[in-house]
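The data block below is target11.txt; it holds compact mmCIF, C-alpha atoms.
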# COMPACT_ATOMS: atom_id res chain seq x y z
CA MET C 1237 15.03 -5.91 -10.90
CA THR C 1238 16.72 -4.63 -13.95
CA GLY C 1239 17.97 -1.52 -15.60
CA LYS C 1240 21.07 0.63 -15.34
CA ARG C 1241 22.18 2.11 -12.06
CA ARG C 1242 20.97 5.59 -11.36
CA ALA C 1243 21.73 8.07 -8.65
CA ARG C 1244 20.56 6.99 -5.19
CA SER C 1245 17.83 8.92 -3.48
CA PRO C 1246 19.20 11.54 -1.08
CA PHE C 1247 16.49 10.57 1.42
CA PRO C 1248 17.47 7.77 3.82
CA LEU C 1249 15.19 4.76 3.90
CA ARG C 1250 15.00 4.41 7.66
CA PHE C 1251 13.49 7.76 8.52
CA THR C 1252 10.22 7.57 6.63
CA LYS C 1253 7.80 8.74 9.34
CA PRO C 1254 4.08 8.14 9.80
CA LEU C 1255 3.59 11.88 9.33
CA ARG C 1256 4.94 11.61 5.81
CA SER C 1257 2.57 8.77 5.00
CA THR C 1258 -0.39 10.77 6.32
CA ALA C 1259 0.60 13.87 4.40
CA LEU C 1260 1.10 11.92 1.20
CA ARG C 1261 -2.29 10.27 1.55
CA ALA C 1262 -4.01 13.59 2.15
CA GLY C 1263 -2.26 15.12 -0.83
CA ALA C 1264 -3.18 12.19 -3.05
CA LEU C 1265 -6.84 12.35 -2.05
CA LEU C 1266 -7.00 16.08 -2.76
CA ALA C 1267 -5.26 15.53 -6.07
CA SER C 1268 -7.82 12.91 -7.04
CA ALA C 1269 -10.21 15.73 -7.98
CA SER C 1270 -8.19 16.34 -11.11
CA LEU C 1271 -5.45 14.92 -13.29
CA THR C 1272 -2.85 17.43 -14.38
CA ALA C 1273 -1.44 16.76 -17.83
CA GLY C 1274 0.82 19.39 -19.31
CA CYS C 1275 -1.02 22.68 -19.03
CA GLY C 1276 -4.50 21.18 -19.00
CA VAL C 1277 -6.71 19.50 -16.44
CA VAL C 1278 -9.07 16.57 -17.06
CA SER C 1279 -11.76 15.14 -14.81
CA ALA C 1280 -10.96 12.56 -12.18
CA VAL C 1281 -11.55 8.86 -12.72
CA THR C 1282 -15.03 7.71 -11.74
CA GLY C 1283 -15.63 4.51 -13.76
CA GLY C 1284 -17.83 1.62 -12.65
CA ALA C 1285 -21.04 3.48 -11.80
CA GLY C 1286 -24.55 2.19 -12.54
CA ASP C 1287 -24.69 -0.93 -14.67
CA ASP C 1288 -21.46 -0.19 -16.52
CA PRO C 1289 -18.70 -2.79 -16.31
CA ILE C 1290 -16.19 -2.43 -13.50
CA THR C 1291 -12.92 -1.66 -15.27
CA VAL C 1292 -9.55 -2.56 -13.77
CA MET C 1293 -6.06 -3.07 -15.17
CA THR C 1294 -3.35 -5.67 -14.57
CA TRP C 1295 0.13 -5.08 -15.92
CA ALA C 1296 3.41 -7.01 -15.97
CA PRO C 1297 6.52 -7.34 -18.15
CA GLN C 1298 6.36 -9.83 -20.98
CA ASP C 1299 8.79 -10.92 -23.71
CA THR C 1300 11.76 -9.06 -22.23
CA GLY C 1301 15.36 -10.10 -21.69
CA ALA C 1302 15.01 -10.01 -17.89
CA THR C 1303 12.20 -10.97 -15.48
CA ASN C 1304 8.84 -11.70 -17.14
CA LYS C 1305 5.47 -12.31 -15.48
CA PRO C 1306 3.00 -13.17 -18.27
CA GLY C 1307 0.96 -15.37 -15.94
CA MET C 1308 -0.26 -12.39 -13.93
CA PRO C 1309 -2.27 -10.65 -16.68
CA ALA C 1310 -3.28 -14.05 -18.05
CA LEU C 1311 -4.76 -15.07 -14.70
CA ALA C 1312 -6.53 -11.71 -14.42
CA LEU C 1313 -8.31 -12.38 -17.72
CA ALA C 1314 -9.21 -15.91 -16.64
CA TYR C 1315 -10.57 -14.56 -13.35
CA ALA C 1316 -12.72 -12.04 -15.22
CA ARG C 1317 -14.15 -14.78 -17.46
CA TRP C 1318 -14.94 -16.88 -14.40
CA VAL C 1319 -16.52 -14.01 -12.46
CA ASN C 1320 -18.60 -12.89 -15.42
CA ALA C 1321 -19.81 -16.44 -16.00
CA ASN C 1322 -21.04 -16.47 -12.41
CA GLY C 1323 -22.91 -13.19 -12.16
CA GLY C 1324 -20.05 -10.69 -12.15
CA LEU C 1325 -18.85 -8.56 -9.26
CA GLY C 1326 -21.78 -7.17 -7.35
CA GLY C 1327 -23.96 -8.02 -10.35
CA ARG C 1328 -21.75 -6.09 -12.79
CA LYS C 1329 -19.40 -7.36 -15.46
CA LEU C 1330 -15.71 -7.18 -14.69
CA ARG C 1331 -13.61 -5.68 -17.47
CA VAL C 1332 -9.87 -6.41 -17.18
CA LEU C 1333 -7.35 -4.48 -19.24
CA ASN C 1334 -3.83 -5.86 -19.72
CA CYS C 1335 -0.68 -3.84 -20.27
CA ASN C 1336 2.93 -4.85 -20.90
CA ASP C 1337 5.35 -2.63 -18.99
CA HIS C 1338 8.33 -4.17 -20.85
CA ASN C 1339 10.52 -3.72 -17.73
CA ASP C 1340 10.82 -0.13 -18.96
CA ARG C 1341 10.14 3.19 -17.24
CA VAL C 1342 8.43 4.75 -20.24
CA SER C 1343 6.17 1.75 -20.84
CA ALA C 1344 5.24 1.59 -17.16
CA ALA C 1345 4.20 5.23 -17.27
CA ARG C 1346 2.16 4.55 -20.41
CA CYS C 1347 0.34 1.70 -18.67
CA ALA C 1348 -0.64 4.06 -15.86
CA LYS C 1349 -1.78 6.69 -18.33
CA ARG C 1350 -3.93 4.12 -20.12
CA ALA C 1351 -5.50 3.10 -16.80
CA VAL C 1352 -6.55 6.74 -16.32
CA GLU C 1353 -7.86 7.07 -19.87
CA GLU C 1354 -9.87 3.85 -19.59
CA LYS C 1355 -11.35 4.99 -16.24
CA ALA C 1356 -10.00 2.01 -14.31
CA VAL C 1357 -11.18 1.91 -10.69
CA ALA C 1358 -7.97 0.11 -9.65
CA VAL C 1359 -4.77 -1.51 -10.89
CA VAL C 1360 -4.91 -5.04 -9.51
CA GLY C 1361 -2.34 -7.84 -9.09
CA SER C 1362 0.48 -6.29 -11.11
CA TYR C 1363 4.28 -6.35 -11.40
CA SER C 1364 6.56 -3.46 -12.24
CA GLN C 1365 10.00 -2.37 -11.14
CA HIS C 1366 9.26 1.27 -12.01
CA GLY C 1367 7.03 2.61 -9.27
CA ASP C 1368 8.58 6.04 -9.56
CA SER C 1369 7.26 6.18 -13.14
CA PHE C 1370 3.67 5.03 -12.64
CA PHE C 1371 2.70 5.97 -9.07
CA PRO C 1372 2.57 9.75 -9.69
CA THR C 1373 0.00 9.23 -12.46
CA LEU C 1374 -2.11 6.85 -10.39
CA GLU C 1375 -1.93 9.11 -7.34
CA SER C 1376 -2.97 12.17 -9.35
CA ALA C 1377 -6.01 10.29 -10.63
CA GLY C 1378 -6.75 8.67 -7.26
CA ILE C 1379 -6.48 5.14 -8.64
CA PRO C 1380 -5.55 2.52 -6.00
CA TYR C 1381 -2.82 -0.03 -6.69
CA ILE C 1382 -4.01 -3.29 -5.12
CA GLY C 1383 -1.72 -6.27 -4.70
CA GLY C 1384 1.48 -5.22 -6.40
CA TYR C 1385 4.16 -7.89 -6.53
CA GLY C 1386 6.23 -6.09 -3.90
CA ILE C 1387 9.38 -5.53 -5.96
CA THR C 1388 9.89 -1.83 -5.14
CA LYS C 1389 9.94 0.30 -2.01
CA ALA C 1390 7.34 2.64 -3.56
CA GLU C 1391 4.72 -0.11 -3.21
CA PHE C 1392 5.10 0.16 0.57
CA THR C 1393 5.21 3.95 0.78
CA SER C 1394 2.65 5.25 -1.72
CA PRO C 1395 -0.59 6.19 0.07
CA LEU C 1396 -2.60 4.61 -2.75
CA SER C 1397 -0.80 1.26 -2.65
CA TYR C 1398 -2.42 -1.70 -0.88
CA PRO C 1399 0.11 -4.58 -0.91
CA VAL C 1400 -1.06 -8.08 -0.04
CA ASN C 1401 2.41 -9.40 0.83
CA GLY C 1402 5.60 -8.01 2.33
CA GLY C 1403 7.56 -7.93 -0.91
CA GLN C 1404 11.22 -8.75 -1.24
CA HIS C 1405 11.73 -7.07 2.13
CA THR C 1406 10.09 -9.83 4.15
CA LEU C 1407 11.38 -12.68 1.98
CA LEU C 1408 15.02 -11.72 2.40
CA ALA C 1409 14.72 -10.74 6.06
CA GLY C 1410 13.04 -14.08 6.80
CA LEU C 1411 15.60 -16.00 4.75
CA GLY C 1412 18.50 -14.27 6.50
CA ARG C 1413 17.07 -15.13 9.90
CA GLU C 1414 16.88 -18.81 8.96
CA LEU C 1415 20.32 -18.98 7.33
CA ALA C 1416 21.91 -17.43 10.41
CA LYS C 1417 21.20 -20.71 12.24
CA THR C 1418 22.92 -23.04 9.80
CA CYS C 1419 25.32 -21.25 7.46
CA GLY C 1420 28.94 -20.22 7.54
CA PRO C 1421 29.82 -17.32 5.21
CA VAL C 1422 26.83 -16.17 3.13
CA ALA C 1423 27.17 -14.69 -0.37
CA LEU C 1424 24.34 -12.71 -1.96
CA VAL C 1425 24.34 -12.56 -5.76
CA ARG C 1426 21.93 -9.82 -6.82
CA PRO C 1427 21.19 -7.43 -9.71
CA ASP C 1428 23.31 -4.37 -10.27
CA SER C 1429 20.26 -2.10 -10.23
CA ILE C 1430 18.40 0.36 -8.02
CA ALA C 1431 15.95 -2.33 -6.88
CA GLY C 1432 18.88 -4.67 -6.27
CA ASP C 1433 20.62 -2.11 -4.05
CA GLU C 1434 18.04 -2.69 -1.31
CA LEU C 1435 18.56 -6.45 -1.12
CA PRO C 1436 21.79 -6.66 0.92
CA HIS C 1437 20.31 -4.52 3.71
CA LEU C 1438 17.26 -6.76 3.89
CA LEU C 1439 19.13 -10.06 3.92
CA ASN C 1440 21.57 -8.65 6.47
CA SER C 1441 18.72 -7.57 8.74
CA GLY C 1442 17.77 -11.23 9.12
CA LEU C 1443 21.36 -12.48 9.41
CA GLU C 1444 22.24 -9.95 12.08
CA ALA C 1445 19.04 -10.70 14.00
CA GLY C 1446 20.41 -14.24 14.29
CA GLY C 1447 23.87 -13.08 15.35
CA HIS C 1448 25.46 -13.75 11.96
CA ALA C 1449 27.93 -11.60 10.03
CA LYS C 1450 26.74 -9.66 6.99
CA ALA C 1451 26.58 -11.36 3.62
CA GLY C 1452 29.14 -10.81 0.91
CA ASP C 1453 27.50 -8.59 -1.73
CA GLN C 1454 28.13 -9.63 -5.33
CA LEU C 1455 26.71 -7.66 -8.25
CA ALA C 1456 25.54 -9.24 -11.49
CA ALA C 1457 23.70 -8.23 -14.64
CA GLU C 1458 20.12 -9.48 -14.47
CA ASP C 1459 20.00 -10.21 -18.21
CA ALA C 1460 23.27 -12.15 -18.47
CA THR C 1461 23.36 -15.47 -20.30
CA GLU C 1462 25.94 -17.05 -17.95
CA TYR C 1463 27.38 -16.35 -14.50
CA ALA C 1464 30.61 -18.34 -14.36
CA GLY C 1465 32.58 -15.44 -12.88
CA GLN C 1466 29.97 -14.71 -10.19
CA ALA C 1467 29.70 -18.41 -9.38
CA ASP C 1468 33.48 -18.68 -8.88
CA ARG C 1469 33.56 -15.65 -6.60
CA ALA C 1470 30.55 -16.86 -4.60
CA LEU C 1471 32.20 -20.25 -4.10
CA ASP C 1472 35.49 -18.67 -3.00
CA TYR C 1473 33.68 -16.47 -0.48
CA THR C 1474 31.49 -19.21 1.01
CA THR C 1475 34.40 -21.65 1.42
CA SER C 1476 36.73 -19.08 3.01
CA ASP C 1477 35.95 -20.23 6.57
CA PRO C 1478 36.79 -23.92 7.16
CA SER C 1479 34.80 -23.94 10.41
CA GLY C 1480 31.41 -23.64 8.71
CA THR C 1481 29.78 -24.58 5.40
CA GLY C 1482 28.70 -21.47 3.55
CA CYS C 1483 25.51 -20.62 1.69
CA VAL C 1484 24.96 -18.85 -1.63
CA VAL C 1485 21.82 -16.77 -2.12
CA PRO C 1486 21.08 -15.86 -5.76
CA ALA C 1487 18.28 -13.28 -6.11
CA LEU C 1488 18.24 -12.61 -9.85
CA GLY C 1489 14.59 -13.10 -10.76
CA ASP C 1490 14.22 -15.15 -13.93
CA ARG C 1491 18.02 -15.38 -14.27
CA THR C 1492 18.41 -17.22 -10.96
CA SER C 1493 18.28 -20.54 -12.81
CA THR C 1494 20.99 -19.36 -15.19
CA PHE C 1495 23.21 -18.61 -12.20
CA MET C 1496 22.41 -21.99 -10.65
CA ASP C 1497 23.50 -23.76 -13.82
CA SER C 1498 26.85 -21.97 -13.61
CA PHE C 1499 27.19 -22.62 -9.88
CA ARG C 1500 26.41 -26.33 -10.21
CA ARG C 1501 29.42 -26.73 -12.49
CA VAL C 1502 31.88 -25.03 -10.13
CA GLY C 1503 30.37 -25.87 -6.75
CA GLN C 1504 29.68 -29.58 -7.08
CA GLY C 1505 31.08 -31.44 -4.09
CA SER C 1506 31.92 -28.27 -2.18
CA GLY C 1507 29.21 -28.76 0.43
CA VAL C 1508 28.04 -25.17 -0.09
CA ARG C 1509 24.24 -24.87 0.19
CA THR C 1510 22.00 -22.61 -1.81
CA ALA C 1511 18.97 -20.62 -0.75
CA THR C 1512 16.74 -18.10 -2.45
CA VAL C 1513 13.29 -16.54 -2.43
CA LEU C 1514 10.08 -17.53 -4.15
CA GLY C 1515 9.77 -15.62 -7.38
CA SER C 1516 13.37 -16.41 -8.20
CA VAL C 1517 12.47 -20.13 -8.23
CA ASP C 1518 9.31 -22.23 -8.16
CA GLN C 1519 8.37 -25.87 -8.67
CA THR C 1520 8.45 -25.55 -12.46
CA VAL C 1521 12.00 -24.22 -12.33
CA ILE C 1522 13.04 -26.99 -9.93
CA ASN C 1523 11.61 -29.62 -12.29
CA ALA C 1524 13.32 -28.10 -15.32
CA SER C 1525 16.69 -28.01 -13.55
CA GLY C 1526 16.75 -31.71 -12.72
CA GLY C 1527 14.41 -32.19 -9.77
CA LYS C 1528 16.05 -34.04 -6.89
CA SER C 1529 19.31 -34.36 -8.84
CA GLY C 1530 19.36 -30.66 -9.64
CA PRO C 1531 21.07 -27.73 -7.91
CA TYR C 1532 18.10 -26.77 -5.75
CA GLU C 1533 17.90 -30.00 -3.77
CA GLY C 1534 18.11 -29.10 -0.07
CA ALA C 1535 17.76 -25.37 -0.74
CA TYR C 1536 15.79 -23.19 1.66
CA ILE C 1537 13.29 -20.88 -0.02
CA THR C 1538 11.16 -18.24 1.65
CA GLY C 1539 7.74 -17.41 0.23
CA TRP C 1540 4.75 -15.25 1.09
CA TYR C 1541 2.13 -17.96 0.84
CA PRO C 1542 1.59 -21.69 1.49
CA VAL C 1543 3.20 -24.15 -0.94
CA SER C 1544 1.33 -24.55 -4.21
CA SER C 1545 0.20 -28.09 -3.29
CA ASP C 1546 -1.76 -26.71 -0.31
CA LYS C 1547 -5.55 -27.16 -0.55
CA ARG C 1548 -6.01 -23.46 0.10
CA TRP C 1549 -5.11 -22.89 -3.56
CA ASP C 1550 -7.90 -25.16 -4.84
CA GLY C 1551 -10.17 -22.19 -5.65
CA MET C 1552 -7.54 -20.60 -7.87
CA LYS C 1553 -6.78 -23.91 -9.57
CA LYS C 1554 -10.48 -24.44 -10.26
CA VAL C 1555 -10.66 -21.07 -12.04
CA ILE C 1556 -7.55 -21.88 -14.07
CA SER C 1557 -8.96 -25.29 -15.01
CA GLU C 1558 -12.32 -23.87 -16.07
CA GLN C 1559 -11.18 -20.69 -17.80
CA ALA C 1560 -7.52 -21.09 -18.81
CA PHE C 1561 -6.97 -24.80 -19.34
CA GLY C 1562 -3.96 -25.24 -21.61
CA ASP C 1563 -2.74 -21.65 -21.19
CA ASN C 1564 0.90 -22.35 -20.38
CA ARG C 1565 1.48 -18.76 -19.30
CA ILE C 1566 -0.33 -19.51 -16.03
CA ASP C 1567 1.67 -21.54 -13.54
CA PRO C 1568 -0.23 -22.06 -10.23
CA SER C 1569 3.09 -22.29 -8.38
CA ASP C 1570 4.29 -18.90 -9.62
CA ALA C 1571 4.33 -16.26 -6.89
CA GLY C 1572 3.14 -13.63 -9.36
CA VAL C 1573 0.09 -15.68 -10.35
CA GLN C 1574 -0.66 -16.32 -6.68
CA THR C 1575 -0.35 -12.62 -5.84
CA THR C 1576 -2.75 -11.72 -8.66
CA TRP C 1577 -5.29 -14.24 -7.32
CA ILE C 1578 -5.12 -12.73 -3.85
CA ALA C 1579 -5.33 -9.19 -5.23
CA TYR C 1580 -8.56 -10.04 -7.08
CA THR C 1581 -9.85 -11.67 -3.89
CA VAL C 1582 -9.33 -8.26 -2.25
CA LEU C 1583 -11.11 -6.49 -5.11
CA LYS C 1584 -14.11 -8.81 -4.82
CA ALA C 1585 -14.31 -8.22 -1.06
CA VAL C 1586 -14.23 -4.46 -1.63
CA VAL C 1587 -17.02 -4.53 -4.23
CA ASP C 1588 -19.11 -6.82 -2.03
CA SER C 1589 -18.68 -4.39 0.86
CA LEU C 1590 -20.17 -1.58 -1.24
CA ASP C 1591 -23.42 -3.55 -1.30
CA GLY C 1592 -24.55 -2.55 -4.78
CA GLY C 1593 -23.41 1.07 -4.43
CA GLU C 1594 -21.25 3.03 -6.80
CA VAL C 1595 -17.92 1.38 -7.62
CA THR C 1596 -15.32 4.05 -8.36
CA ALA C 1597 -11.68 4.62 -7.59
CA ARG C 1598 -12.83 6.84 -4.72
CA THR C 1599 -15.24 4.32 -3.17
CA VAL C 1600 -12.69 1.52 -3.52
CA ARG C 1601 -10.09 3.64 -1.70
CA ARG C 1602 -12.58 4.64 0.95
CA ALA C 1603 -13.43 1.00 1.67
CA LEU C 1604 -9.76 0.03 1.91
CA ASP C 1605 -8.90 2.99 4.12
CA GLY C 1606 -11.97 2.58 6.28
CA GLY C 1607 -10.93 -0.57 8.07
CA LEU C 1608 -12.41 -3.26 5.83
CA ARG C 1609 -11.01 -6.62 6.99
CA ILE C 1610 -10.42 -9.06 4.15
CA GLU C 1611 -10.07 -12.83 4.50
CA THR C 1612 -8.13 -14.70 1.84
CA GLY C 1613 -8.97 -18.25 2.81
CA GLY C 1614 -5.85 -18.63 4.92
CA LEU C 1615 -3.45 -17.71 2.11
CA THR C 1616 -2.46 -14.60 4.07
CA PRO C 1617 -3.34 -13.20 7.48
CA THR C 1618 -6.49 -11.07 7.57
CA LEU C 1619 -5.69 -7.96 5.50
CA SER C 1620 -6.62 -4.46 6.61
CA TRP C 1621 -4.96 -1.14 5.84
CA LYS C 1622 -6.66 1.08 8.44
CA PHE C 1623 -3.90 0.71 11.02
CA ARG C 1624 -0.74 0.47 8.98
CA GLU C 1625 1.90 2.44 10.86
CA THR C 1626 3.62 -0.57 12.48
CA LEU C 1627 6.51 -0.50 10.02
CA ALA C 1628 6.43 3.21 9.15
CA SER C 1629 9.57 3.84 11.20
CA ALA C 1630 11.38 1.25 9.06
CA GLY C 1631 10.25 3.01 5.88
CA PHE C 1632 7.29 0.76 4.99
CA PRO C 1633 4.09 2.57 6.13
CA GLN C 1634 1.82 0.53 3.81
CA LEU C 1635 3.22 -2.90 4.73
CA VAL C 1636 0.50 -4.74 6.66
CA ASN C 1637 1.52 -8.37 6.04
CA ALA C 1638 5.01 -9.20 7.28
CA ASP C 1639 4.44 -12.97 7.34
CA VAL C 1640 6.54 -15.40 5.31
CA THR C 1641 6.63 -19.16 4.90
CA LEU C 1642 9.76 -21.30 4.98
CA GLN C 1643 10.02 -23.98 2.33
CA VAL C 1644 12.68 -26.49 1.34
CA VAL C 1645 13.35 -28.66 -1.70
CA ARG C 1646 13.19 -32.34 -0.73
CA ASP C 1647 13.36 -35.11 -3.31
CA GLY C 1648 12.84 -32.50 -5.99
CA ARG C 1649 9.62 -31.15 -4.45
CA LEU C 1650 9.05 -27.78 -2.81
CA VAL C 1651 7.54 -28.57 0.59
CA SER C 1652 6.93 -26.74 3.84
CA ALA C 1653 9.97 -26.66 6.13
CA ARG C 1654 7.92 -25.27 9.00
CA LYS C 1655 4.20 -25.12 9.71
CA GLY C 1656 2.43 -21.81 9.53
CA PHE C 1657 3.76 -18.32 8.94
CA ILE C 1658 6.82 -16.56 10.33
CA ASP C 1659 6.29 -12.91 11.31
CA VAL C 1660 9.37 -10.79 10.48
CA THR C 1661 7.92 -7.47 11.69
CA LYS C 1662 10.47 -7.07 14.49
CA THR C 1663 13.35 -8.04 12.18
CA LEU C 1664 12.39 -5.24 9.80
CA GLN C 1665 11.87 -2.77 12.62
CA ASP C 1666 15.37 -3.48 13.90
CA ALA C 1667 16.94 -3.45 10.41
CA ASP C 1668 19.53 -0.86 9.42
CA LEU C 1669 18.11 0.17 6.07
CA LEU C 1670 20.07 3.41 5.70
How does this structure look as structure tokens?
Amino acid sequence: MTGKRRARSPFPLRFTKPLRSTALRAGALLASASLTAGCGVVSAVTGGAGDDPITVMTWAPQDTGATNKPGMPALALAYARWVNANGGLGGRKLRVLNCNDHNDRVSAARCAKRAVEEKAVAVVGSYSQHGDSFFPTLESAGIPYIGGYGITKAEFTSPLSYPVNGGQHTLLAGLGRELAKTCGPVALVRPDSIAGDELPHLLNSGLEAGGHAKAGDQLAAEDATEYAGQADRALDYTTSDPSGTGCVVPALGDRTSTFMDSFRRVGQGSGVRTATVLGSVDQTVINASGGKSGPYEGAYITGWYPVSSDKRWDGMKKVISEQAFGDNRIDPSDAGVQTTWIAYTVLKAVVDSLDGGEVTARTVRRALDGGLRIETGGLTPTLSWKFRETLASAGFPQLVNADVTLQVVRDGRLVSARKGFIDVTKTLQDADLL
């Protein structure tokens, strides 16, 4: 979530209807016959036929001043090495292309253009804040976007997007619902950006579902090097009601730890608790910030998946150990890495379902749209995009997994605060996202 503020869309979020989703999907499928570029037209993407390698792309920002996710493309390459060492996908080699979107609109569009030029059958397990820049290109070429990180609304509205989690929407709604039980005044510290503009509505949907007042909304630059001013204001807000201890929720991506360093200095001894979402913090960040003596001790954190110590991640860890041992870009506890693993699990299930047939962008889409049910070893509920209109009225027609997990930092370790998943479908349906 970065970048300068731009004009808001004139279309309200709440009234995205199923009809719009259906029309968009039909238009995208018709458009997949050709890719318009300037005044010319080139053939549609069809890669992966015969014995040719199955080409896919994974992109994410790297080496930027804001949020970076280098582990996602790194894991994709490790997965390809592992798959190819074990017979490939459906007997064919898997070819993974990486692209750095630089947290930049132009670079994101270039990544999508390269996916078309390289005849990728899908973009898999990727992160980008600039869906409005890359989705038109993918949709024109008919290339599905499988397992995006869930950072933008476009990932839950594009007819060619197949998200494996509920994005920031479910994390914040679930967190708000939990904080409503225990917190006094709640302050949200979030990026001053278009993506950041959605966050207060989502957190408030959970707070209000629990009968709590809305959170105080505090803007911050995502690439700042310190947050002393924001920390002071957050502390003032959350200690304004003597009848209840407040909670501060920083949602600044990679800069969340920078904020926490500032808040620890001003908030020590105040009794104010902190809470955030996975992706803004993970076990590595908790360790680096002091473990059980650090600012995250006791913090509630919502995630999409089981904690990284869960045995259900053993398959991913085995691949990392065999194919990326020593690659410090890949952190098994990182939500981006985990999302990429699940996205490639979906890709494998799709290719297996084609039973040796042609693997193209069109056949991959057809399998996903046709009701294929995909198991992820318990890391998510069963995934299927055939019936996906449950949250269309809330503006998320492609969101099929609204489950989150609740975690807490105890003795410096991120552990489960509650068994199983929490379904926030009704919270999102009741949310005022206008």
Original post:
To one decimal place, how far is atom CA of Gln1643 of chain C from atom CA of Val1543 of chain C in Å?
Top reply: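 Atom CA of Gln1643 of chain C sits 7.6 Å away from atom CA of Val1543 of chain C.
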Subject >> segment 1356-1373 of chain C surroundings by all atoms listed in the file, 7 Å radius, close-in-sequence under 4 positions cut, as a ChimeraX atom specification >> reply: /C:1237,1283-1284,1291-1296,1308,1337,1339,1341,1344-1345,1348-1349,1351-1352,1377,1379-1385,1387-1388,1390,1575-1576,1579-1580,1596-1597
**OP:** Could you jot down the atom CA of Asp1453 of chain C to atom CA of Gly1465 of chain C separation for me, Å, one decimal place?
**Re:**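 It comes out at 14.0 Å.
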**OP:** Would you mind telling me which residue in C:Gly1539, C:Gly1432, C:Gly1607, C:Gly1527 lies nearest to Gly1402 of chain C when using only C-alpha atoms?
**Re:** C:Gly1539
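Proximity to His1448 of chain C was assessed for C:Asp1659, C:Asp1567, C:Glu1414, C:Asp1605 counting all atoms listed in the file; the smallest distance is recorded for C:Glu1414.
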Original post:
Of the residues C:Gly1326, C:Arg1413, C:Asp1299, C:Gly1489, which is the one nearest to Ala1431 of chain C, using all atoms listed in the file?
Top reply: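 Among the listed residues, C:Gly1489 lies closest to Ala1431 of chain C.
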**OP:** Could you give me, as a list in words, the residues within 10 Å of Lys1329 of chain C, counting all atoms listed in the file and dropping anything in the same chain fewer than 4 positions from it?
**Re:**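 The filter keeps Gly1284, Asp1287, Asp1288, Pro1289, Ile1290, Thr1291, Ala1316, Arg1317, Val1319, Asn1320, Ala1321, Asn1322, Gly1323, Gly1324 and Leu1325 of chain C.
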Suppose we keep C-alpha atoms; can you now write the selection as a compact mmCIF listing (two decimals), keeping the file's coordinate frame?
# COMPACT_ATOMS: atom_id res chain seq x y z
CA GLY C 1284 -17.83 1.62 -12.65
CA ASP C 1287 -24.69 -0.93 -14.67
CA ASP C 1288 -21.46 -0.19 -16.52
CA PRO C 1289 -18.70 -2.79 -16.31
CA ILE C 1290 -16.19 -2.43 -13.50
CA THR C 1291 -12.92 -1.66 -15.27
CA ALA C 1316 -12.72 -12.04 -15.22
CA ARG C 1317 -14.15 -14.78 -17.46
CA VAL C 1319 -16.52 -14.01 -12.46
CA ASN C 1320 -18.60 -12.89 -15.42
CA ALA C 1321 -19.81 -16.44 -16.00
CA ASN C 1322 -21.04 -16.47 -12.41
CA GLY C 1323 -22.91 -13.19 -12.16
CA GLY C 1324 -20.05 -10.69 -12.15
CA LEU C 1325 -18.85 -8.56 -9.26
**OP:** Return the single residue from C:Tyr1315, C:Pro1297, C:Ala1445, C:Asp1472 that is closest to Ile1556 of chain C, with distances computed using only C-alpha atoms.
**Re:** C:Tyr1315
Subject >> Shell around Ile1658 of chain C at 10 Å using only C-alpha atoms, local window under 2 positions removed, as a PyMOL selection string >> reply: chain C and resi 1406+1410+1538+1540+1638-1642+1654-1656+1660-1661
Original post:
Hey, can you pull every residue with an atom no more than 12 Å from (21.9, -15.4, 11.9), using all atoms listed in the file, and send it as a list in words?
Top reply: Ala1409, Gly1410, Leu1411, Gly1412, Arg1413, Glu1414, Leu1415, Ala1416, Lys1417, Thr1418, Cys1419, Gly1420, Pro1421, Val1422, Leu1439, Asn1440, Ser1441, Gly1442, Leu1443, Glu1444, Ala1445, Gly1446, Gly1447, His1448, Ala1449, Lys1450, Ala1451 and Thr1663 of chain C
Subject >> Nearest candidate to Val1595 of chain C (options C:His1338, C:Lys1355, C:Lys1389, C:Arg1346; using only C-alpha atoms) >> reply: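 Nearest candidate to Val1595 of chain C out of C:His1338, C:Lys1355, C:Lys1389, C:Arg1346: C:Lys1355.
Between atom CA of Ile1430 of chain C and atom CA of Arg1491 of chain C the interatomic distance comes to 16.9 Å.
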Subject >> Shortest interatomic distance to Leu1590 of chain C - which of C:Gly1505, C:Thr1475, C:Ile1522, C:Gly1327, counting all atoms listed in the file >> reply: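 Under the stated criterion, the closest residue is C:Gly1327.
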**OP:** Skip Gln1634 of chain C itself and residues of its chain fewer than 5 positions away, then list as a PyMOL selection string all residues within 8 Å of it, counting all atoms listed in the file.
**Re:** chain C and resi 1391-1395+1397-1399+1621+1624-1625+1627-1628
Around all the atoms of segment 1419-1436 of chain C listed in the file, with 6 Å of room on each side, what axis-aligned box do you get, giving centre and edge lengths in Å to one decimal, as JSON?
{"center_x": 22.9, "center_y": -10.4, "center_z": -1.4, "size_x": 25.9, "size_y": 33.6, "size_z": 29.8}
